[in-house]
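So the structure is just underneath, and the comments pick up after that.
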Amino acid sequence: SFGAFLAVPGAVRDLVEGSDIHVQMLAYNVLAQDDDRARALAVESLDILIGTLLRPLHRKTRLAAFRALAGAARADARAAGIVHRRAREALRLPDKRYPKEELFGLIGPLLHDRPELRGPREQPVVYGLEATAP
């Protein structure tokens with residue numbers, strides 16, 4: 001069970017650093033859990049996790065890594081800034097097979113939760129009639 005891995009944080013970090021893609025996939029799925037321990041561990045492993053945005057991975061592995069990065073970004077404001085900046089860089093990759101829709105799925109909720117990361121053109125605009133003073 002993925003929850004059992006969270007009891008040994010060092011083992012999860014070893015899995016993230018593993019050379020086999022299946023081992024890394026296991027680690028990303030552990031870190032992507034909806035659990036405070038998983039999010040805290042994802043923040044601690046951010047230096048390794050952030051590389052998944054820019055290096056070649058299988059689609060399923062990359063999507064699991066996206067979920068782990070989203071958890072880290074929800075847990076820590078500094079991590080949110082790092083994930084946001086690197087995700088923006090990944091949007092500029094020329095790879096036609098890169099899952100950019102899912103990358104937008106990572107960036108969108110991040111900007112919703114952390115409005116300070118929004119650019120000037122990403123601020124919400126409300127259209128309507130102006131209020132008139134009586």
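Ordering of the structure tokens sets the chain letters (A, B, ...); residue numbers start at 1 within each chain; ligands are numbered from 1 in the order shown.
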Contacts of Ala79 in chain A at 12 Å or less, counting only C-alpha atoms, minus same-chain residues fewer than 3 places along, as a PDB file with C-alpha atoms, in the first residue's frame?
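Output file part_19.pdb is given in full below:
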```
ATOM      1  CA  ARG A  39       2.707  16.495   0.417  1.00  0.00           C
ATOM      2  CA  ALA A  40       5.405  17.303   3.000  1.00  0.00           C
ATOM      3  CA  LEU A  41       7.635  14.599   1.552  1.00  0.00           C
ATOM      4  CA  ALA A  42       7.006  15.937  -1.958  1.00  0.00           C
ATOM      5  CA  VAL A  43       8.172  19.368  -0.777  1.00  0.00           C
ATOM      6  CA  GLU A  44      11.329  17.791   0.684  1.00  0.00           C
ATOM      7  CA  SER A  45      11.942  15.937  -2.598  1.00  0.00           C
ATOM      8  CA  LEU A  46      11.169  18.933  -4.794  1.00  0.00           C
ATOM      9  CA  ASP A  47      14.774  19.271  -5.945  1.00  0.00           C
ATOM     10  CA  LEU A  49      10.777  16.049  -8.577  1.00  0.00           C
ATOM     11  CA  ILE A  50      11.072  19.342 -10.441  1.00  0.00           C
ATOM     12  CA  ALA A  68       3.141  14.835  -6.876  1.00  0.00           C
ATOM     13  CA  LEU A  69       4.257  18.337  -7.903  1.00  0.00           C
ATOM     14  CA  ALA A  70       0.715  19.628  -7.418  1.00  0.00           C
ATOM     15  CA  GLY A  71       0.719  18.229  -3.896  1.00  0.00           C
ATOM     16  CA  ALA A  72       4.034  19.918  -3.118  1.00  0.00           C
ATOM     17  CA  ALA A  73       2.726  23.214  -4.506  1.00  0.00           C
ATOM     18  CA  ARG A  74      -0.412  23.007  -2.351  1.00  0.00           C
ATOM     19  CA  ALA A  75       1.641  22.368   0.762  1.00  0.00           C
ATOM     20  CA  ASP A  76       4.272  25.117   0.501  1.00  0.00           C
ATOM     21  CA  ILE A  82       9.271  26.871  -8.082  1.00  0.00           C
ATOM     22  CA  VAL A  83       6.706  24.530  -9.642  1.00  0.00           C
ATOM     23  CA  HIS A  84       4.982  27.449 -11.366  1.00  0.00           C
ATOM     24  CA  ARG A  85       8.207  28.810 -12.851  1.00  0.00           C
ATOM     25  CA  ARG A  86       9.403  25.427 -14.118  1.00  0.00           C
ATOM     26  CA  ALA A  87       5.961  24.484 -15.461  1.00  0.00           C
ATOM     27  CA  LEU A 110      -1.889  26.527  -8.813  1.00  0.00           C
ATOM     28  CA  ARG A 114      -1.887  31.194  -5.216  1.00  0.00           C
ATOM     29  CA  LEU A 117       1.762  33.961  -8.953  1.00  0.00           C
TER      30      LEU A 117
END
```
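Residues within 9 Å of Val16 in chain A, counting only C-alpha atoms and excluding same-chain residues fewer than 6 positions away, are Val23, Gln24, Met25, Leu26, Ala27, Tyr28, Ser45, Ile48 and Leu49 of chain A.
With distances restricted to only C-alpha atoms, A:Leu63 is the closest residue to Gly105 in chain A from A:Ala11, A:Leu63, A:Arg55, A:Ala80.
Using only C-alpha atoms, the protein and nucleic acid residues lying no more than 10 Å from Pro56 in chain A, apart from those fewer than 6 places from it along its own chain, are A:Arg62, A:Asp95, A:Tyr98.
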How would the residues just picked look written out with N, CA, C and O atoms as a tab-separated table (two decimals), in the first residue's frame?
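Output contents, as saved in selection_27.tsv:
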```
chain	number	residue	atom	x	y	z
A	62	ARG	N	4.91	10.70	-16.22
A	62	ARG	CA	4.90	12.17	-16.15
A	62	ARG	C	3.64	12.66	-15.44
A	62	ARG	O	3.69	13.58	-14.62
A	95	ASP	N	8.49	19.66	-27.91
A	95	ASP	CA	8.04	18.27	-28.04
A	95	ASP	C	6.54	18.20	-28.32
A	95	ASP	O	5.72	18.66	-27.53
A	98	TYR	N	4.51	16.06	-25.68
A	98	TYR	CA	4.47	16.48	-24.28
A	98	TYR	C	3.02	16.77	-23.89
A	98	TYR	O	2.31	17.47	-24.62
```
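With only C-alpha atoms as the basis for measurement, A:Ala64 is the residue among A:Ala64, A:Arg78, A:Arg37, A:Gly51 that approaches His22 in chain A most closely.
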**Report entry** alpha helix (DSSP H) call set, DSSP backbone run, range 28-119 of chain A, as JSON, numbers by chain
**Finding:** {"A": [28, 29, 30, 31, 36, 37, 38, 39, 40, 41, 42, 43, 44, 46, 47, 48, 49, 59, 60, 61, 62, 63, 64, 65, 66, 67, 68, 69, 70, 71, 72, 73, 74, 75, 77, 78, 79, 80, 81, 82, 83, 84, 85, 86, 87, 88, 89, 90, 91, 100, 101, 102, 103, 104, 105, 106, 107, 108, 109, 110, 111, 112, 113]}
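Shortest separation to Ile107 in chain A among A:Ala131, A:Val125, A:Phe66, A:His58 occurs at residue A:Phe66, atoms counted being only C-alpha atoms.
Distances here use only C-alpha atoms; by that measure, the residue among A:Ser1, A:Leu53, A:Lys100, A:Val30 closest to Arg13 in chain A is A:Val30.
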